[in-house]
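Visitor: I'd like to ask you about the structure that follows.
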Amino acid sequence: MALSKVSRPAALLGVAGLVLSVGLRAAAPLHVVGPPPGHTGGFGEPTCVVCHVGSDINEPGSELEVTGLDNGYRPGATYRVTVRLLSFDMNTAGFQGAFRWAAGDAAGTTAGAVRALDDRVATTDSTGVEYVQHAAGGTAANGESAEWAFEWTAPAVAGTVAFHVAANSGSGDNSPLEDLVYTRSVLLEPGGLPPPR
């Protein structure tokens, strides 16, 4: 009698854990084709940690780099930008970023335009914001790094632009558990160097 009283709650907990585990694993692959809009960490948005859980944001030991935007921008010029995530034990990875006006009446709205350079990157538009993010073909990682390249054409008018980006390093087990999430913010001022040729 005592055995059935103990094993019944344990069995219910086991079933609940199995349902939760299956539910999480079933939900995880949905973002392979790209994250939902609005997960860059900028302008009050959440980050990838909403779905990828298990560690603090910007856990020490890994790094999110943005290259190509080192010296501000020239209005109307086009820059090749690379987002690179360096992490450990990374089998899958993803990212999302957005270029937005940092201040003024247009604060939070898209600044400039983004163009994907290959099938690893896609763009999507949501409520006046253009997001650049991984595509279905852009989640592969080599165990230590993943990178995504695209072009950003700066706006024709001058003003401070903010680029917010969030990226995640996944273990590749089709689960959102034990993934690492990193964020980066870059403020771009007009009057910078022209893009390299």
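We name chains A, B, ... following the order of the structure tokens; residues begin at 1 in each chain, and ligands are numbered from 1 as shown.
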Give me the residues within 12 Å of stretch 127-138 of chain A as a PyMOL selection string, counting only C-alpha atoms and dropping any in the same chain fewer than 6 places off.
Guide: chain A and resi 29-40+42-43+48+81-84+91-101+106-121+146-152+163-168
Visitor: Got a sec: who's within 6 Å of A:Ala102, counting only C-alpha atoms, leaving out chain neighbours fewer than 3 positions off, as a list of chain:residue names?
Guide: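 Using only C-alpha atoms, the neighbours found are A:Ala107, A:Thr160, A:Val161, A:Ala162.
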Visitor: For A:Pro195, which of A:Val66, A:Gly170, A:Pro75, A:Glu45 is the closest residue, counting only C-alpha atoms?
Guide: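 Of all the options, A:Pro75 lies closest to A:Pro195.
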Visitor: From a DSSP pass on the backbone, collect the residues of stretch 87-150 of chain A flagged as strand (DSSP E or B) and hand them back as a PDB file with N, CA, C and O atoms, in the first residue's frame.
Guide:
ATOM      1  N   SER A  87      32.301  30.502 -29.371  1.00  0.00           N
ATOM      2  CA  SER A  87      31.820  29.826 -28.184  1.00  0.00           C
ATOM      3  C   SER A  87      32.442  28.434 -28.111  1.00  0.00           C
ATOM      4  O   SER A  87      33.211  28.044 -28.987  1.00  0.00           O
ATOM      5  N   PHE A  88      32.094  27.691 -27.098  1.00  0.00           N
ATOM      6  CA  PHE A  88      32.635  26.347 -26.928  1.00  0.00           C
ATOM      7  C   PHE A  88      31.509  25.337 -27.084  1.00  0.00           C
ATOM      8  O   PHE A  88      30.358  25.622 -26.787  1.00  0.00           O
ATOM      9  N   ASP A  89      31.860  24.173 -27.604  1.00  0.00           N
ATOM     10  CA  ASP A  89      30.891  23.088 -27.757  1.00  0.00           C
ATOM     11  C   ASP A  89      29.626  23.554 -28.470  1.00  0.00           C
ATOM     12  O   ASP A  89      28.514  23.273 -28.040  1.00  0.00           O
ATOM     13  N   MET A  90      29.807  24.299 -29.568  1.00  0.00           N
ATOM     14  CA  MET A  90      28.683  24.879 -30.303  1.00  0.00           C
ATOM     15  C   MET A  90      28.435  24.062 -31.570  1.00  0.00           C
ATOM     16  O   MET A  90      29.288  23.982 -32.444  1.00  0.00           O
ATOM     17  N   ASN A  91      27.270  23.456 -31.653  1.00  0.00           N
ATOM     18  CA  ASN A  91      26.898  22.677 -32.836  1.00  0.00           C
ATOM     19  C   ASN A  91      25.892  23.402 -33.716  1.00  0.00           C
ATOM     20  O   ASN A  91      25.813  23.139 -34.910  1.00  0.00           O
ATOM     21  N   THR A  92      25.103  24.270 -33.118  1.00  0.00           N
ATOM     22  CA  THR A  92      24.171  25.111 -33.864  1.00  0.00           C
ATOM     23  C   THR A  92      24.259  26.526 -33.308  1.00  0.00           C
ATOM     24  O   THR A  92      24.715  26.732 -32.183  1.00  0.00           O
ATOM     25  N   ALA A  93      23.832  27.485 -34.111  1.00  0.00           N
ATOM     26  CA  ALA A  93      23.882  28.876 -33.664  1.00  0.00           C
ATOM     27  C   ALA A  93      22.858  29.685 -34.441  1.00  0.00           C
ATOM     28  O   ALA A  93      22.421  29.290 -35.528  1.00  0.00           O
ATOM     29  N   GLY A  94      22.495  30.819 -33.892  1.00  0.00           N
ATOM     30  CA  GLY A  94      21.563  31.714 -34.570  1.00  0.00           C
ATOM     31  C   GLY A  94      21.751  33.134 -34.070  1.00  0.00           C
ATOM     32  O   GLY A  94      22.415  33.360 -33.052  1.00  0.00           O
ATOM     33  N   PHE A  95      21.177  34.083 -34.797  1.00  0.00           N
ATOM     34  CA  PHE A  95      21.294  35.479 -34.376  1.00  0.00           C
ATOM     35  C   PHE A  95      20.131  36.286 -34.927  1.00  0.00           C
ATOM     36  O   PHE A  95      19.417  35.862 -35.826  1.00  0.00           O
ATOM     37  N   GLN A  96      19.982  37.488 -34.364  1.00  0.00           N
ATOM     38  CA  GLN A  96      19.055  38.485 -34.903  1.00  0.00           C
ATOM     39  C   GLN A  96      19.571  39.867 -34.525  1.00  0.00           C
ATOM     40  O   GLN A  96      20.038  40.073 -33.398  1.00  0.00           O
ATOM     41  N   GLY A  97      19.526  40.795 -35.481  1.00  0.00           N
ATOM     42  CA  GLY A  97      19.966  42.153 -35.225  1.00  0.00           C
ATOM     43  C   GLY A  97      19.082  43.157 -35.940  1.00  0.00           C
ATOM     44  O   GLY A  97      18.272  42.794 -36.800  1.00  0.00           O
ATOM     45  N   ALA A  98      19.245  44.437 -35.579  1.00  0.00           N
ATOM     46  CA  ALA A  98      18.481  45.505 -36.228  1.00  0.00           C
ATOM     47  C   ALA A  98      19.249  46.813 -36.120  1.00  0.00           C
ATOM     48  O   ALA A  98      19.840  47.112 -35.079  1.00  0.00           O
ATOM     49  N   PHE A  99      19.244  47.577 -37.223  1.00  0.00           N
ATOM     50  CA  PHE A  99      19.794  48.934 -37.261  1.00  0.00           C
ATOM     51  C   PHE A  99      18.625  49.898 -37.079  1.00  0.00           C
ATOM     52  O   PHE A  99      17.687  49.897 -37.891  1.00  0.00           O
ATOM     53  N   ARG A 100      18.683  50.726 -36.034  1.00  0.00           N
ATOM     54  CA  ARG A 100      17.582  51.644 -35.758  1.00  0.00           C
ATOM     55  C   ARG A 100      18.114  53.012 -35.349  1.00  0.00           C
ATOM     56  O   ARG A 100      19.216  53.130 -34.810  1.00  0.00           O
ATOM     57  N   TRP A 101      17.300  54.016 -35.619  1.00  0.00           N
ATOM     58  CA  TRP A 101      17.644  55.355 -35.147  1.00  0.00           C
ATOM     59  C   TRP A 101      17.699  55.326 -33.632  1.00  0.00           C
ATOM     60  O   TRP A 101      16.809  54.788 -32.977  1.00  0.00           O
ATOM     61  N   THR A 110      13.621  51.605 -38.262  1.00  0.00           N
ATOM     62  CA  THR A 110      14.733  51.165 -39.106  1.00  0.00           C
ATOM     63  C   THR A 110      15.546  52.334 -39.645  1.00  0.00           C
ATOM     64  O   THR A 110      15.000  53.323 -40.114  1.00  0.00           O
ATOM     65  N   ALA A 113      19.205  50.063 -44.749  1.00  0.00           N
ATOM     66  CA  ALA A 113      18.636  48.829 -45.292  1.00  0.00           C
ATOM     67  C   ALA A 113      19.678  47.726 -45.267  1.00  0.00           C
ATOM     68  O   ALA A 113      20.875  47.977 -45.395  1.00  0.00           O
ATOM     69  N   VAL A 114      19.216  46.497 -45.117  1.00  0.00           N
ATOM     70  CA  VAL A 114      20.100  45.330 -45.043  1.00  0.00           C
ATOM     71  C   VAL A 114      19.850  44.431 -46.241  1.00  0.00           C
ATOM     72  O   VAL A 114      18.711  44.271 -46.691  1.00  0.00           O
ATOM     73  N   ARG A 115      20.938  43.832 -46.753  1.00  0.00           N
ATOM     74  CA  ARG A 115      20.837  42.867 -47.854  1.00  0.00           C
ATOM     75  C   ARG A 115      21.627  41.623 -47.486  1.00  0.00           C
ATOM     76  O   ARG A 115      22.807  41.707 -47.124  1.00  0.00           O
ATOM     77  N   ALA A 116      20.984  40.465 -47.568  1.00  0.00           N
ATOM     78  CA  ALA A 116      21.663  39.194 -47.307  1.00  0.00           C
ATOM     79  C   ALA A 116      22.648  38.907 -48.433  1.00  0.00           C
ATOM     80  O   ALA A 116      22.388  39.225 -49.595  1.00  0.00           O
ATOM     81  N   VAL A 121      21.772  33.990 -44.222  1.00  0.00           N
ATOM     82  CA  VAL A 121      21.175  35.205 -43.655  1.00  0.00           C
ATOM     83  C   VAL A 121      19.858  35.516 -44.357  1.00  0.00           C
ATOM     84  O   VAL A 121      19.713  35.308 -45.565  1.00  0.00           O
ATOM     85  N   ALA A 122      18.910  36.038 -43.592  1.00  0.00           N
ATOM     86  CA  ALA A 122      17.624  36.481 -44.137  1.00  0.00           C
ATOM     87  C   ALA A 122      17.244  37.794 -43.471  1.00  0.00           C
ATOM     88  O   ALA A 122      17.808  38.172 -42.442  1.00  0.00           O
ATOM     89  N   THR A 123      16.300  38.489 -44.070  1.00  0.00           N
ATOM     90  CA  THR A 123      15.751  39.698 -43.447  1.00  0.00           C
ATOM     91  C   THR A 123      14.246  39.539 -43.311  1.00  0.00           C
ATOM     92  O   THR A 123      13.609  38.796 -44.060  1.00  0.00           O
ATOM     93  N   THR A 124      13.698  40.218 -42.336  1.00  0.00           N
ATOM     94  CA  THR A 124      12.262  40.218 -42.141  1.00  0.00           C
ATOM     95  C   THR A 124      11.869  41.582 -41.601  1.00  0.00           C
ATOM     96  O   THR A 124      12.668  42.251 -40.948  1.00  0.00           O
ATOM     97  N   ASP A 125      10.659  42.008 -41.892  1.00  0.00           N
ATOM     98  CA  ASP A 125      10.185  43.321 -41.461  1.00  0.00           C
ATOM     99  C   ASP A 125       9.022  43.139 -40.508  1.00  0.00           C
ATOM    100  O   ASP A 125       8.132  42.327 -40.755  1.00  0.00           O
ATOM    101  N   SER A 126       9.057  43.878 -39.416  1.00  0.00           N
ATOM    102  CA  SER A 126       7.977  43.789 -38.449  1.00  0.00           C
ATOM    103  C   SER A 126       7.716  45.166 -37.857  1.00  0.00           C
ATOM    104  O   SER A 126       8.605  45.757 -37.244  1.00  0.00           O
ATOM    105  N   VAL A 129      10.275  47.845 -38.434  1.00  0.00           N
ATOM    106  CA  VAL A 129      11.663  47.499 -38.117  1.00  0.00           C
ATOM    107  C   VAL A 129      12.103  46.355 -39.028  1.00  0.00           C
ATOM    108  O   VAL A 129      11.421  45.334 -39.117  1.00  0.00           O
ATOM    109  N   GLU A 130      13.246  46.532 -39.697  1.00  0.00           N
ATOM    110  CA  GLU A 130      13.818  45.464 -40.509  1.00  0.00           C
ATOM    111  C   GLU A 130      14.830  44.712 -39.661  1.00  0.00           C
ATOM    112  O   GLU A 130      15.766  45.305 -39.121  1.00  0.00           O
ATOM    113  N   TYR A 131      14.633  43.404 -39.542  1.00  0.00           N
ATOM    114  CA  TYR A 131      15.543  42.561 -38.784  1.00  0.00           C
ATOM    115  C   TYR A 131      16.404  41.746 -39.736  1.00  0.00           C
ATOM    116  O   TYR A 131      15.923  41.277 -40.767  1.00  0.00           O
ATOM    117  N   VAL A 132      17.675  41.570 -39.380  1.00  0.00           N
ATOM    118  CA  VAL A 132      18.574  40.675 -40.097  1.00  0.00           C
ATOM    119  C   VAL A 132      18.840  39.503 -39.155  1.00  0.00           C
ATOM    120  O   VAL A 132      19.046  39.701 -37.958  1.00  0.00           O
ATOM    121  N   GLN A 133      18.793  38.273 -39.685  1.00  0.00           N
ATOM    122  CA  GLN A 133      18.860  37.105 -38.812  1.00  0.00           C
ATOM    123  C   GLN A 133      19.327  35.879 -39.575  1.00  0.00           C
ATOM    124  O   GLN A 133      19.450  35.919 -40.802  1.00  0.00           O
ATOM    125  N   HIS A 134      19.574  34.802 -38.828  1.00  0.00           N
ATOM    126  CA  HIS A 134      19.958  33.558 -39.496  1.00  0.00           C
ATOM    127  C   HIS A 134      18.775  33.017 -40.288  1.00  0.00           C
ATOM    128  O   HIS A 134      17.616  33.218 -39.924  1.00  0.00           O
ATOM    129  N   ALA A 140      24.290  26.223 -38.913  1.00  0.00           N
ATOM    130  CA  ALA A 140      25.424  25.324 -38.688  1.00  0.00           C
ATOM    131  C   ALA A 140      26.585  26.076 -38.053  1.00  0.00           C
ATOM    132  O   ALA A 140      26.850  27.233 -38.368  1.00  0.00           O
ATOM    133  N   ALA A 141      27.271  25.399 -37.150  1.00  0.00           N
ATOM    134  CA  ALA A 141      28.466  25.948 -36.505  1.00  0.00           C
ATOM    135  C   ALA A 141      29.541  24.868 -36.538  1.00  0.00           C
ATOM    136  O   ALA A 141      29.241  23.690 -36.712  1.00  0.00           O
ATOM    137  N   ASN A 142      30.785  25.268 -36.382  1.00  0.00           N
ATOM    138  CA  ASN A 142      31.874  24.290 -36.483  1.00  0.00           C
ATOM    139  C   ASN A 142      32.418  23.842 -35.128  1.00  0.00           C
ATOM    140  O   ASN A 142      33.512  23.316 -35.056  1.00  0.00           O
ATOM    141  N   GLY A 143      31.678  24.061 -34.072  1.00  0.00           N
ATOM    142  CA  GLY A 143      32.132  23.659 -32.744  1.00  0.00           C
ATOM    143  C   GLY A 143      32.767  24.784 -31.951  1.00  0.00           C
ATOM    144  O   GLY A 143      32.795  24.748 -30.734  1.00  0.00           O
ATOM    145  N   GLU A 144      33.287  25.803 -32.643  1.00  0.00           N
ATOM    146  CA  GLU A 144      33.910  26.924 -31.953  1.00  0.00           C
ATOM    147  C   GLU A 144      33.411  28.281 -32.438  1.00  0.00           C
ATOM    148  O   GLU A 144      33.534  29.264 -31.722  1.00  0.00           O
ATOM    149  N   SER A 145      32.891  28.352 -33.654  1.00  0.00           N
ATOM    150  CA  SER A 145      32.450  29.651 -34.163  1.00  0.00           C
ATOM    151  C   SER A 145      31.343  29.494 -35.191  1.00  0.00           C
ATOM    152  O   SER A 145      31.187  28.443 -35.810  1.00  0.00           O
ATOM    153  N   ALA A 146      30.602  30.560 -35.340  1.00  0.00           N
ATOM    154  CA  ALA A 146      29.599  30.676 -36.398  1.00  0.00           C
ATOM    155  C   ALA A 146      29.594  32.131 -36.817  1.00  0.00           C
ATOM    156  O   ALA A 146      29.788  33.025 -35.990  1.00  0.00           O
ATOM    157  N   GLU A 147      29.416  32.382 -38.101  1.00  0.00           N
ATOM    158  CA  GLU A 147      29.379  33.778 -38.535  1.00  0.00           C
ATOM    159  C   GLU A 147      28.371  33.971 -39.657  1.00  0.00           C
ATOM    160  O   GLU A 147      28.029  33.045 -40.384  1.00  0.00           O
ATOM    161  N   TRP A 148      27.924  35.221 -39.732  1.00  0.00           N
ATOM    162  CA  TRP A 148      26.934  35.614 -40.727  1.00  0.00           C
ATOM    163  C   TRP A 148      27.363  36.958 -41.309  1.00  0.00           C
ATOM    164  O   TRP A 148      27.706  37.881 -40.561  1.00  0.00           O
ATOM    165  N   ALA A 149      27.346  37.071 -42.632  1.00  0.00           N
ATOM    166  CA  ALA A 149      27.763  38.310 -43.302  1.00  0.00           C
ATOM    167  C   ALA A 149      26.599  38.877 -44.100  1.00  0.00           C
ATOM    168  O   ALA A 149      25.804  38.130 -44.685  1.00  0.00           O
ATOM    169  N   PHE A 150      26.508  40.196 -44.128  1.00  0.00           N
ATOM    170  CA  PHE A 150      25.453  40.878 -44.869  1.00  0.00           C
ATOM    171  C   PHE A 150      25.915  42.295 -45.172  1.00  0.00           C
ATOM    172  O   PHE A 150      26.943  42.750 -44.656  1.00  0.00           O
TER     173      PHE A 150
END
Visitor: I'd like the contact shell of A:Leu193 - 7 Å cut-off, only C-alpha atoms, skipping same-chain residues fewer than 6 positions apart - returned as a PyMOL selection string.
Guide: chain A and resi 71-74
Visitor: Can I get the selected residues back with N, CA, C and O atoms, as an mmCIF file, in the first residue's frame?
Guide:
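Saved the output as selection17.cif:
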data_model
loop_
_atom_site.group_PDB
_atom_site.id
_atom_site.type_symbol
_atom_site.label_atom_id
_atom_site.label_comp_id
_atom_site.auth_asym_id
_atom_site.auth_seq_id
_atom_site.Cartn_x
_atom_site.Cartn_y
_atom_site.Cartn_z
ATOM 1 N N ASN A 71 34.162 52.458 -37.551
ATOM 2 C CA ASN A 71 34.475 53.893 -37.572
ATOM 3 C C ASN A 71 33.280 54.767 -37.944
ATOM 4 O O ASN A 71 33.433 55.745 -38.664
ATOM 5 N N GLY A 72 32.120 54.456 -37.464
ATOM 6 C CA GLY A 72 30.956 55.248 -37.831
ATOM 7 C C GLY A 72 30.545 54.952 -39.267
ATOM 8 O O GLY A 72 30.881 53.901 -39.811
ATOM 9 N N TYR A 73 29.822 55.877 -39.875
ATOM 10 C CA TYR A 73 29.345 55.626 -41.242
ATOM 11 C C TYR A 73 29.261 56.911 -42.032
ATOM 12 O O TYR A 73 29.214 58.010 -41.473
ATOM 13 N N ARG A 74 29.232 56.764 -43.328
ATOM 14 C CA ARG A 74 28.943 57.861 -44.247
ATOM 15 C C ARG A 74 27.527 57.672 -44.759
ATOM 16 O O ARG A 74 27.176 56.575 -45.226
#
